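See below for structure-v4.cif, which holds mmCIF, C-alpha atoms.
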data_work
#
loop_
_atom_site.group_PDB
_atom_site.id
_atom_site.type_symbol
_atom_site.label_atom_id
_atom_site.label_comp_id
_atom_site.auth_asym_id
_atom_site.auth_seq_id
_atom_site.Cartn_x
_atom_site.Cartn_y
_atom_site.Cartn_z
ATOM 1 C CA MET S 1 11.227 2.684 21.635
ATOM 2 C CA PRO S 2 8.677 4.545 19.545
ATOM 3 C CA ARG S 3 10.909 7.533 18.707
ATOM 4 C CA ILE S 4 12.588 6.989 15.337
ATOM 5 C CA ASP S 5 16.304 7.802 15.324
ATOM 6 C CA ILE S 6 16.335 9.269 11.822
ATOM 7 C CA ASN S 7 20.128 9.524 11.708
ATOM 8 C CA SER S 8 20.353 5.738 12.045
ATOM 9 C CA VAL S 9 17.779 4.921 9.348
ATOM 10 C CA PRO S 10 19.594 3.643 6.234
ATOM 11 C CA GLU S 11 19.693 5.957 3.206
ATOM 12 C CA ARG S 12 18.615 4.196 0.009
ATOM 13 C CA LYS S 13 19.999 6.070 -2.968
ATOM 14 C CA GLY S 14 18.708 5.719 -6.529
ATOM 15 C CA SER S 15 15.711 3.702 -7.710
ATOM 16 C CA GLY S 16 14.623 0.180 -8.529
ATOM 17 C CA TYR S 17 13.391 1.175 -12.003
ATOM 18 C CA PRO S 18 14.616 -0.984 -14.853
ATOM 19 C CA ASP S 19 16.943 0.549 -17.434
ATOM 20 C CA PRO S 20 16.692 3.000 -19.141
ATOM 21 C CA PHE S 21 14.614 4.715 -16.413
ATOM 22 C CA ARG S 22 16.933 4.170 -13.473
ATOM 23 C CA ALA S 23 19.627 6.673 -14.432
ATOM 24 C CA ALA S 24 17.524 9.792 -13.908
ATOM 25 C CA TYR S 25 16.858 8.912 -10.233
ATOM 26 C CA GLY S 26 20.415 8.471 -9.005
ATOM 27 C CA ASN S 27 20.202 11.579 -6.815
ATOM 28 C CA ARG S 28 17.070 10.604 -4.899
ATOM 29 C CA VAL S 29 17.676 9.361 -1.336
ATOM 30 C CA LYS S 30 14.945 7.643 0.688
ATOM 31 C CA GLN S 31 14.831 6.764 4.373
ATOM 32 C CA ARG S 32 12.080 4.312 5.321
ATOM 33 C CA LEU S 33 10.844 5.817 8.583
ATOM 34 C CA GLY S 34 7.709 3.690 8.845
ATOM 35 C CA ASP S 35 9.685 0.474 8.457
ATOM 36 C CA ALA S 36 12.130 1.708 11.100
ATOM 37 C CA ALA S 37 9.236 1.861 13.569
ATOM 38 C CA GLY S 38 7.929 -1.556 12.556
ATOM 39 C CA LEU S 39 4.870 -0.198 10.737
ATOM 40 C CA THR S 40 3.387 -2.443 8.040
ATOM 41 C CA GLN S 41 0.003 -0.972 7.051
ATOM 42 C CA PHE S 42 1.477 2.074 5.338
ATOM 43 C CA GLY S 43 4.969 3.168 4.375
ATOM 44 C CA VAL S 44 6.491 6.539 5.298
ATOM 45 C CA ASN S 45 9.580 7.694 3.428
ATOM 46 C CA LEU S 46 11.625 10.780 4.149
ATOM 47 C CA THR S 47 12.948 11.505 0.661
ATOM 48 C CA ARG S 48 15.646 14.000 -0.372
ATOM 49 C CA ILE S 49 15.518 15.064 -4.025
ATOM 50 C CA ALA S 50 18.541 16.769 -5.563
ATOM 51 C CA PRO S 51 18.118 19.525 -8.173
ATOM 52 C CA GLY S 52 17.332 18.035 -11.566
ATOM 53 C CA THR S 53 15.700 14.849 -10.344
ATOM 54 C CA GLY S 54 12.247 13.884 -9.083
ATOM 55 C CA THR S 55 10.333 11.716 -6.636
ATOM 56 C CA ALA S 56 9.335 9.208 -9.314
ATOM 57 C CA LEU S 57 8.291 8.764 -12.900
ATOM 58 C CA ARG S 58 4.763 10.067 -13.363
ATOM 59 C CA HIS S 59 2.508 7.234 -12.120
ATOM 60 C CA TRP S 60 -0.739 6.311 -10.373
ATOM 61 C CA HIS S 61 -1.778 3.391 -8.158
ATOM 62 C CA GLU S 62 -4.836 1.205 -8.541
ATOM 63 C CA LYS S 63 -5.236 0.320 -4.834
ATOM 64 C CA GLU S 64 -2.970 2.449 -2.653
ATOM 65 C CA ASP S 65 -3.717 5.972 -1.385
ATOM 66 C CA GLU S 66 -0.718 8.339 -1.376
ATOM 67 C CA PHE S 67 0.075 11.538 0.527
ATOM 68 C CA VAL S 68 3.058 13.892 0.184
ATOM 69 C CA TYR S 69 4.111 16.720 2.537
ATOM 70 C CA VAL S 70 6.928 19.086 1.567
ATOM 71 C CA VAL S 71 9.350 19.444 4.488
ATOM 72 C CA GLU S 72 12.027 21.552 2.814
ATOM 73 C CA GLY S 73 12.640 23.280 -0.500
ATOM 74 C CA GLU S 74 10.441 23.568 -3.563
ATOM 75 C CA LEU S 75 9.078 21.007 -6.012
ATOM 76 C CA VAL S 76 6.876 21.051 -9.087
ATOM 77 C CA LEU S 77 3.924 18.665 -8.968
ATOM 78 C CA VAL S 78 3.298 17.361 -12.492
ATOM 79 C CA GLU S 79 -0.072 15.740 -13.190
ATOM 80 C CA ASP S 80 -2.762 15.585 -15.889
ATOM 81 C CA GLU S 81 -4.117 19.034 -15.053
ATOM 82 C CA GLY S 82 -0.718 20.696 -15.369
ATOM 83 C CA GLU S 83 2.072 21.837 -13.081
ATOM 84 C CA THR S 84 1.854 23.303 -9.576
ATOM 85 C CA VAL S 85 4.695 24.574 -7.396
ATOM 86 C CA LEU S 86 4.716 23.189 -3.848
ATOM 87 C CA ARG S 87 6.902 24.654 -1.113
ATOM 88 C CA ALA S 88 7.737 23.660 2.478
ATOM 89 C CA GLY S 89 4.439 23.232 4.346
ATOM 90 C CA ASP S 90 2.437 22.325 1.233
ATOM 91 C CA ALA S 91 0.817 18.921 0.751
ATOM 92 C CA ALA S 92 -0.891 16.793 -1.872
ATOM 93 C CA GLY S 93 -2.924 13.608 -1.855
ATOM 94 C CA PHE S 94 -3.639 10.995 -4.510
ATOM 95 C CA LYS S 95 -6.636 8.712 -4.097
ATOM 96 C CA ALA S 96 -6.130 5.120 -5.186
ATOM 97 C CA GLY S 97 -7.685 4.304 -8.533
ATOM 98 C CA VAL S 98 -7.721 7.863 -9.873
ATOM 99 C CA ALA S 99 -5.957 7.588 -13.233
ATOM 100 C CA ASN S 100 -4.021 10.842 -12.906
ATOM 101 C CA GLY S 101 -0.298 10.179 -13.211
ATOM 102 C CA HIS S 102 1.729 12.374 -10.864
ATOM 103 C CA CYS S 103 5.272 13.046 -9.739
ATOM 104 C CA PHE S 104 7.307 15.840 -8.125
ATOM 105 C CA VAL S 105 10.283 17.344 -9.931
ATOM 106 C CA ASN S 106 12.975 19.505 -8.346
ATOM 107 C CA ARG S 107 13.690 22.378 -10.766
ATOM 108 C CA SER S 108 15.246 24.542 -8.057
ATOM 109 C CA ASP S 109 18.954 24.778 -7.284
ATOM 110 C CA THR S 110 18.793 23.291 -3.780
ATOM 111 C CA ASP S 111 17.679 19.938 -2.357
ATOM 112 C CA ALA S 112 14.020 19.378 -1.560
ATOM 113 C CA VAL S 113 12.774 17.013 1.158
ATOM 114 C CA VAL S 114 9.347 15.385 1.334
ATOM 115 C CA LEU S 115 7.500 12.953 3.553
ATOM 116 C CA GLU S 116 5.754 10.367 1.369
ATOM 117 C CA VAL S 117 3.026 8.150 2.826
ATOM 118 C CA GLY S 118 1.464 5.247 0.940
ATOM 119 C CA THR S 119 -0.805 2.386 1.895
ATOM 120 C CA ARG S 120 0.720 -1.084 1.596
ATOM 121 C CA ALA S 121 -1.795 -3.199 -0.276
ATOM 122 C CA PRO S 122 -0.960 -6.917 -0.515
ATOM 123 C CA THR S 123 -1.241 -6.763 -4.298
ATOM 124 C CA GLU S 124 -1.001 -3.685 -6.490
ATOM 125 C CA ARG S 125 -0.535 -2.366 -10.015
ATOM 126 C CA ALA S 126 0.849 1.074 -10.864
ATOM 127 C CA HIS S 127 0.694 2.754 -14.254
ATOM 128 C CA TYR S 128 3.257 5.096 -15.858
ATOM 129 C CA PRO S 129 1.395 7.044 -18.539
ATOM 130 C CA ASP S 130 4.441 8.727 -20.128
ATOM 131 C CA VAL S 131 6.659 5.684 -20.671
ATOM 132 C CA ASP S 132 6.497 2.002 -21.601
ATOM 133 C CA LEU S 133 6.338 0.813 -17.996
ATOM 134 C CA ALA S 134 3.994 -0.700 -15.425
ATOM 135 C CA VAL S 135 4.670 -2.426 -12.129
ATOM 136 C CA VAL S 136 2.822 -5.268 -10.467
ATOM 137 C CA LYS S 137 3.217 -6.271 -6.825
ATOM 138 C CA ASP S 138 2.193 -9.765 -5.812
ATOM 139 C CA GLU S 139 3.127 -12.225 -3.070
ATOM 140 C CA THR S 140 6.524 -12.788 -4.740
ATOM 141 C CA GLY S 141 7.549 -9.117 -4.976
ATOM 142 C CA PHE S 142 7.613 -6.309 -7.538
ATOM 143 C CA HIS S 143 7.632 -7.010 -11.278
ATOM 144 C CA TRP S 144 8.463 -4.341 -13.879
ATOM 145 C CA LEU S 145 6.562 -4.786 -17.107
ATOM 146 C CA HIS S 146 6.304 -3.268 -20.549
ATOM 147 C CA LYS S 147 2.823 -2.003 -21.344
ATOM 148 C CA SER S 148 2.422 -5.177 -23.426
ATOM 149 C CA GLY S 149 2.794 -7.208 -20.221
ATOM 150 C CA GLU S 150 6.271 -8.473 -21.220
ATOM 151 C CA PRO S 151 8.670 -8.344 -18.282
ATOM 152 C CA TYR S 152 11.765 -6.143 -18.360
ATOM 153 C CA ALA S 153 14.913 -8.223 -18.595
ATOM 154 C CA MET Z 154 -6.639 18.881 -8.010
ATOM 155 C CA PRO Z 155 -4.180 16.866 -5.954
ATOM 156 C CA ARG Z 156 -2.571 19.847 -4.182
ATOM 157 C CA ILE Z 157 -4.246 20.411 -0.811
ATOM 158 C CA ASP Z 158 -5.072 24.047 -0.095
ATOM 159 C CA ILE Z 159 -4.259 23.889 3.593
ATOM 160 C CA ASN Z 160 -5.645 27.360 4.303
ATOM 161 C CA SER Z 161 -9.075 26.175 3.187
ATOM 162 C CA VAL Z 162 -9.112 22.958 5.247
ATOM 163 C CA PRO Z 163 -11.469 23.428 8.240
ATOM 164 C CA GLU Z 164 -9.847 23.756 11.674
ATOM 165 C CA ARG Z 165 -11.428 21.415 14.222
ATOM 166 C CA LYS Z 166 -10.748 22.735 17.710
ATOM 167 C CA GLY Z 167 -11.009 20.669 20.899
ATOM 168 C CA SER Z 168 -11.736 16.947 21.173
ATOM 169 C CA GLY Z 169 -14.553 14.427 21.048
ATOM 170 C CA TYR Z 170 -13.638 12.962 24.442
ATOM 171 C CA PRO Z 171 -16.497 12.612 26.913
ATOM 172 C CA ASP Z 172 -16.464 14.729 30.076
ATOM 173 C CA PRO Z 173 -14.393 15.085 32.200
ATOM 174 C CA PHE Z 174 -11.603 14.477 29.648
ATOM 175 C CA ARG Z 175 -12.641 16.981 27.019
ATOM 176 C CA ALA Z 176 -11.660 20.151 28.871
ATOM 177 C CA ALA Z 177 -7.900 19.580 28.729
ATOM 178 C CA TYR Z 178 -7.907 19.429 24.895
ATOM 179 C CA GLY Z 179 -9.617 22.721 24.114
ATOM 180 C CA ASN Z 180 -6.445 24.201 22.637
ATOM 181 C CA ARG Z 181 -5.737 21.442 20.145
ATOM 182 C CA VAL Z 182 -6.600 22.271 16.520
ATOM 183 C CA LYS Z 183 -6.704 19.595 13.817
ATOM 184 C CA GLN Z 184 -6.930 19.952 10.033
ATOM 185 C CA ARG Z 185 -7.834 16.748 8.208
ATOM 186 C CA LEU Z 186 -5.497 16.932 5.213
ATOM 187 C CA GLY Z 187 -6.062 13.351 4.072
ATOM 188 C CA ASP Z 188 -9.827 13.800 4.013
ATOM 189 C CA ALA Z 189 -9.374 17.041 2.071
ATOM 190 C CA ALA Z 190 -7.675 15.033 -0.687
ATOM 191 C CA GLY Z 191 -10.344 12.317 -0.637
ATOM 192 C CA LEU Z 192 -8.090 9.709 0.981
ATOM 193 C CA THR Z 193 -9.852 6.937 2.898
ATOM 194 C CA GLN Z 194 -7.258 4.258 3.696
ATOM 195 C CA PHE Z 195 -5.381 6.383 6.213
ATOM 196 C CA GLY Z 196 -5.998 9.720 7.877
ATOM 197 C CA VAL Z 197 -3.490 12.588 7.928
ATOM 198 C CA ASN Z 198 -4.017 15.400 10.426
ATOM 199 C CA LEU Z 199 -2.007 18.584 10.683
ATOM 200 C CA THR Z 200 -2.407 19.285 14.397
ATOM 201 C CA ARG Z 201 -1.453 22.446 16.308
ATOM 202 C CA ILE Z 202 -0.963 21.949 20.051
ATOM 203 C CA ALA Z 203 -0.899 24.983 22.320
ATOM 204 C CA PRO Z 204 1.379 25.095 25.380
ATOM 205 C CA GLY Z 205 -0.109 23.089 28.254
ATOM 206 C CA THR Z 206 -2.110 20.662 26.148
ATOM 207 C CA GLY Z 207 -1.357 17.473 24.219
ATOM 208 C CA THR Z 208 -2.151 15.440 21.130
ATOM 209 C CA ALA Z 209 -4.360 13.007 23.023
ATOM 210 C CA LEU Z 210 -4.826 11.121 26.242
ATOM 211 C CA ARG Z 211 -2.249 8.359 26.474
ATOM 212 C CA HIS Z 212 -3.666 5.511 24.357
ATOM 213 C CA TRP Z 213 -2.877 2.623 22.012
ATOM 214 C CA HIS Z 214 -4.744 1.050 19.088
ATOM 215 C CA GLU Z 215 -5.486 -2.632 18.559
ATOM 216 C CA LYS Z 216 -5.575 -2.520 14.732
ATOM 217 C CA GLU Z 217 -4.308 0.813 13.402
ATOM 218 C CA ASP Z 218 -0.654 1.768 12.835
ATOM 219 C CA GLU Z 219 0.215 5.376 13.769
ATOM 220 C CA PHE Z 220 3.016 7.730 12.716
ATOM 221 C CA VAL Z 221 3.824 11.234 13.977
ATOM 222 C CA TYR Z 222 6.242 13.784 12.471
ATOM 223 C CA VAL Z 223 7.045 17.002 14.317
ATOM 224 C CA VAL Z 224 6.769 19.956 11.915
ATOM 225 C CA GLU Z 225 7.299 22.817 14.356
ATOM 226 C CA GLY Z 226 8.120 23.302 18.025
ATOM 227 C CA GLU Z 227 8.880 20.781 20.742
ATOM 228 C CA LEU Z 228 6.804 18.031 22.360
ATOM 229 C CA VAL Z 229 7.335 15.417 25.039
ATOM 230 C CA LEU Z 230 6.456 11.869 23.995
ATOM 231 C CA VAL Z 231 5.052 10.046 27.030
ATOM 232 C CA GLU Z 232 4.903 6.247 26.884
ATOM 233 C CA ASP Z 233 5.517 3.185 29.080
ATOM 234 C CA GLU Z 234 9.306 3.481 28.821
ATOM 235 C CA GLY Z 235 9.320 7.104 29.974
ATOM 236 C CA GLU Z 236 9.496 10.537 28.398
ATOM 237 C CA THR Z 237 11.402 11.662 25.288
ATOM 238 C CA VAL Z 238 11.648 15.177 23.858
ATOM 239 C CA LEU Z 239 10.901 15.443 20.124
ATOM 240 C CA ARG Z 240 11.676 18.553 18.101
ATOM 241 C CA ALA Z 241 10.939 19.689 14.542
ATOM 242 C CA GLY Z 242 12.202 16.988 12.196
ATOM 243 C CA ASP Z 243 11.794 14.151 14.722
ATOM 244 C CA ALA Z 244 9.350 11.300 14.207
ATOM 245 C CA ALA Z 245 7.797 8.373 16.050
ATOM 246 C CA GLY Z 246 5.788 5.315 15.055
ATOM 247 C CA PHE Z 247 3.378 3.109 16.953
ATOM 248 C CA LYS Z 248 2.643 -0.378 15.638
ATOM 249 C CA ALA Z 249 -0.956 -1.552 15.987
ATOM 250 C CA GLY Z 250 -1.504 -3.990 18.824
ATOM 251 C CA VAL Z 251 1.517 -2.935 20.885
ATOM 252 C CA ALA Z 252 0.055 -2.191 24.323
ATOM 253 C CA ASN Z 253 2.208 0.874 24.985
ATOM 254 C CA GLY Z 254 0.003 3.889 25.657
ATOM 255 C CA HIS Z 255 1.463 7.060 24.147
ATOM 256 C CA CYS Z 256 0.744 10.744 23.694
ATOM 257 C CA PHE Z 257 2.611 13.995 23.025
ATOM 258 C CA VAL Z 258 2.453 16.863 25.526
ATOM 259 C CA ASN Z 259 3.495 20.441 24.841
ATOM 260 C CA ARG Z 260 5.433 21.655 27.900
ATOM 261 C CA SER Z 261 7.090 24.480 25.974
ATOM 262 C CA ASP Z 262 5.869 28.072 25.805
ATOM 263 C CA THR Z 263 5.092 28.102 22.059
ATOM 264 C CA ASP Z 264 2.762 26.122 19.812
ATOM 265 C CA ALA Z 265 3.891 22.797 18.395
ATOM 266 C CA VAL Z 266 2.684 21.368 15.077
ATOM 267 C CA VAL Z 267 2.680 17.705 14.076
ATOM 268 C CA LEU Z 268 1.580 15.594 11.144
ATOM 269 C CA GLU Z 269 -0.308 12.552 12.452
ATOM 270 C CA VAL Z 270 -0.944 9.570 10.182
ATOM 271 C CA GLY Z 271 -3.138 6.634 11.144
ATOM 272 C CA THR Z 272 -4.637 3.712 9.288
ATOM 273 C CA ARG Z 273 -8.427 3.676 9.028
ATOM 274 C CA ALA Z 274 -9.528 0.198 10.047
ATOM 275 C CA PRO Z 275 -13.255 -0.538 9.586
ATOM 276 C CA THR Z 276 -13.540 -1.563 13.239
ATOM 277 C CA GLU Z 277 -11.175 -0.615 16.040
ATOM 278 C CA ARG Z 278 -10.695 -0.458 19.803
ATOM 279 C CA ALA Z 279 -8.310 1.911 21.564
ATOM 280 C CA HIS Z 280 -7.211 1.697 25.185
ATOM 281 C CA TYR Z 281 -6.410 4.553 27.597
ATOM 282 C CA PRO Z 282 -4.263 3.056 30.348
ATOM 283 C CA ASP Z 283 -4.257 6.078 32.680
ATOM 284 C CA VAL Z 284 -7.998 6.787 32.866
ATOM 285 C CA ASP Z 285 -11.365 5.017 32.947
ATOM 286 C CA LEU Z 286 -11.856 5.196 29.179
ATOM 287 C CA ALA Z 287 -11.864 3.065 26.023
ATOM 288 C CA VAL Z 288 -13.213 3.720 22.559
ATOM 289 C CA VAL Z 289 -14.761 1.334 20.088
ATOM 290 C CA LYS Z 290 -15.309 2.089 16.404
ATOM 291 C CA ASP Z 291 -17.878 0.042 14.521
ATOM 292 C CA GLU Z 292 -20.094 0.525 11.481
ATOM 293 C CA THR Z 293 -22.266 2.987 13.453
ATOM 294 C CA GLY Z 294 -19.417 5.260 14.603
ATOM 295 C CA PHE Z 295 -17.285 5.864 17.705
ATOM 296 C CA HIS Z 296 -18.462 4.783 21.165
ATOM 297 C CA TRP Z 297 -16.779 5.995 24.365
ATOM 298 C CA LEU Z 298 -16.849 3.422 27.137
ATOM 299 C CA HIS Z 299 -15.855 3.050 30.748
ATOM 300 C CA LYS Z 300 -13.373 0.233 31.307
ATOM 301 C CA SER Z 301 -16.350 -1.801 32.584
ATOM 302 C CA GLY Z 302 -17.876 -1.561 29.097
ATOM 303 C CA GLU Z 303 -20.613 0.861 30.253
ATOM 304 C CA PRO Z 304 -21.078 3.698 27.775
ATOM 305 C CA TYR Z 305 -20.420 7.314 28.771
ATOM 306 C CA ALA Z 306 -23.644 9.266 29.007
#

Output the file's structure as structure tokens, nothing else.
Amino acid sequence: MPRIDINSVPERKGSGYPDPFRAAYGNRVKQRLGDAAGLTQFGVNLTRIAPGTGTALRHWHEKEDEFVYVVEGELVLVEDEGETVLRAGDAAGFKAGVANGHCFVNRSDTDAVVLEVGTRAPTERAHYPDVDLAVVKDETGFHWLHKSGEPYA
Amino acid sequence: MPRIDINSVPERKGSGYPDPFRAAYGNRVKQRLGDAAGLTQFGVNLTRIAPGTGTALRHWHEKEDEFVYVVEGELVLVEDEGETVLRAGDAAGFKAGVANGHCFVNRSDTDAVVLEVGTRAPTERAHYPDVDLAVVKDETGFHWLHKSGEPYA
């Protein structure tokens, strides 16, 4: 049925980043609501971010639009133009191809919850301006790369 | 900047349905958050639904995935399998091409607010199983049709 039983959607804790980036995202929990409803054209994650962690490393996508809505708590949006506090009911959008790395960091003392929506392009490349990291998606999956193009071990 | 100033996003009241369907949706107010951030691959509406009205006529899309998250209040999801109450924090998804007409009706005595996400396919057809209506989107815009294919005046 179309209603999504959120309590039954698996919680995916941590991140798929290669070391040494993975450790900082151990307290980030994502539930893939879009997948739970069988959606394929865009993903929708309900993501809980503990104090001291963030949604992601600062990044931008070449092909995929992104949208974030704050459901609960308070987060700091970090991007090229600076830092902006977002609270429950606030939203932000990131057009594909705009080279403005962004992420949300929880500097409060309680959990924050966001809905994250992103297009699912068949192939994609995302850039991480602050660290030696890029990711490529192709028909075989995700590949984490150094900026040189060398794969992470 | 990526943060969306929701207070400055225009409120679009009512619907684009042809008569006689338009009248029932006069108390539905949509803010196009995705457009406000320059997103084009999917739309995101923040939609306020007054008591006695609904998100839409019951419909389904041939090509566009849809996702709805209830931000505030209580709505009844109406679809082929029956009726389901959704409250703040509940969500539903509708895979493109699944011929299960759906809509959300506010039978409570306070406003309800939802986030609606839908892919933007270049061409589309949506079906309204309960009424003599269909809509086609092509490169020239939206066209409301009778089930016979005759356009509405």

How close does each residue of segment 205-282 of chain Z get to segment 162-184 of chain Z, giving the shortest atom pair and distance in Å to one decimal for every residue with an atom at most 8 Å away, counting all atoms listed in the file, sorted by chain and residue number, as JSON lines?
{"residue": "Z:Thr206", "atom": "CA", "partner": "Z:Tyr178", "partner_atom": "CA", "distance": 6.1}
{"residue": "Z:Gly207", "atom": "CA", "partner": "Z:Tyr178", "partner_atom": "CA", "distance": 6.9}
{"residue": "Z:Thr208", "atom": "CA", "partner": "Z:Arg181", "partner_atom": "CA", "distance": 7.1}
{"residue": "Z:Ala209", "atom": "CA", "partner": "Z:Tyr178", "partner_atom": "CA", "distance": 7.6}

Apply the PyMOL selection byres ((chain Z and resi 204) around 7) to the file shown and report the selected residues as an mmCIF file with C-alpha atoms, in the frame of the given file.
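The resulting part38.cif:
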data_model
loop_
_atom_site.group_PDB
_atom_site.id
_atom_site.type_symbol
_atom_site.label_atom_id
_atom_site.label_comp_id
_atom_site.auth_asym_id
_atom_site.auth_seq_id
_atom_site.Cartn_x
_atom_site.Cartn_y
_atom_site.Cartn_z
ATOM 1 C CA ILE Z 202 -0.963 21.949 20.051
ATOM 2 C CA ALA Z 203 -0.899 24.983 22.320
ATOM 3 C CA GLY Z 205 -0.109 23.089 28.254
ATOM 4 C CA THR Z 206 -2.110 20.662 26.148
ATOM 5 C CA ASN Z 259 3.495 20.441 24.841
ATOM 6 C CA ARG Z 260 5.433 21.655 27.900
ATOM 7 C CA SER Z 261 7.090 24.480 25.974
ATOM 8 C CA ASP Z 262 5.869 28.072 25.805
ATOM 9 C CA THR Z 263 5.092 28.102 22.059
ATOM 10 C CA ASP Z 264 2.762 26.122 19.812
#

Convert the output of the PyMOL selection byres ((chain S) within 7 of (chain Z)) on the shown file into explicit residues, formatted as a PDB file with C-alpha atoms, in the frame of the given file.
ATOM      1  CA  PRO S   2       8.677   4.545  19.545  1.00  0.00           C
ATOM      2  CA  ARG S   3      10.909   7.533  18.707  1.00  0.00           C
ATOM      3  CA  ILE S   4      12.588   6.989  15.337  1.00  0.00           C
ATOM      4  CA  GLY S  34       7.709   3.690   8.845  1.00  0.00           C
ATOM      5  CA  ALA S  37       9.236   1.861  13.569  1.00  0.00           C
ATOM      6  CA  GLY S  38       7.929  -1.556  12.556  1.00  0.00           C
ATOM      7  CA  LEU S  39       4.870  -0.198  10.737  1.00  0.00           C
ATOM      8  CA  GLN S  41       0.003  -0.972   7.051  1.00  0.00           C
ATOM      9  CA  ASP S  65      -3.717   5.972  -1.385  1.00  0.00           C
ATOM     10  CA  ALA S  91       0.817  18.921   0.751  1.00  0.00           C
ATOM     11  CA  ALA S  92      -0.891  16.793  -1.872  1.00  0.00           C
ATOM     12  CA  GLY S  93      -2.924  13.608  -1.855  1.00  0.00           C
ATOM     13  CA  PHE S  94      -3.639  10.995  -4.510  1.00  0.00           C
ATOM     14  CA  LYS S  95      -6.636   8.712  -4.097  1.00  0.00           C
ATOM     15  CA  THR S 119      -0.805   2.386   1.895  1.00  0.00           C
TER      16      THR S 119
END

Selection result of the PyMOL selection byres ((chain S and resi 72) around 9) on this file, as JSON, numbers by chain: {"S": [48, 70, 71, 73, 74, 87, 88, 89, 111, 112, 113, 114]}

Hey, can I get the axis-aligned box for segment 47-60 of chain S? All listed atoms, 8 Å padding on each side, centre and edge lengths in Å to one decimal, as JSON.
{"center_x": 8.9, "center_y": 12.9, "center_z": -6.4, "size_x": 35.3, "size_y": 29.2, "size_z": 30.0}

Pairwise distance for atom CA of Ala252 of chain Z and atom CA of His280 of chain Z, rounded to one decimal in Å: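 It comes out at 8.3 Å.
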
Selected residue of minimal separation from Leu286 of chain Z among Z:Gly254, Z:Ala274, Z:Tyr305, Z:Ser161, counting all atoms listed in the file: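 Among the listed residues, the smallest separation from Leu286 of chain Z belongs to Z:Tyr305.
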
Pro122 of chain S surroundings by only C-alpha atoms, 9 Å radius, close-in-sequence under 3 positions cut, as an MDAnalysis selection string: chainID S and resid 137:139

Between atom CA of His59 of chain S and atom CA of Ala134 of chain S - distance in Å to one decimal: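 Computing it gives 8.7 Å between the two atoms.
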
Atomic separation - atom CA of Ala279 of chain Z relative to atom CA of Gly294 of chain Z, Å: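 Calculated distance between atom CA of Gly294 of chain Z and atom CA of Ala279 of chain Z is 13.5 Å.
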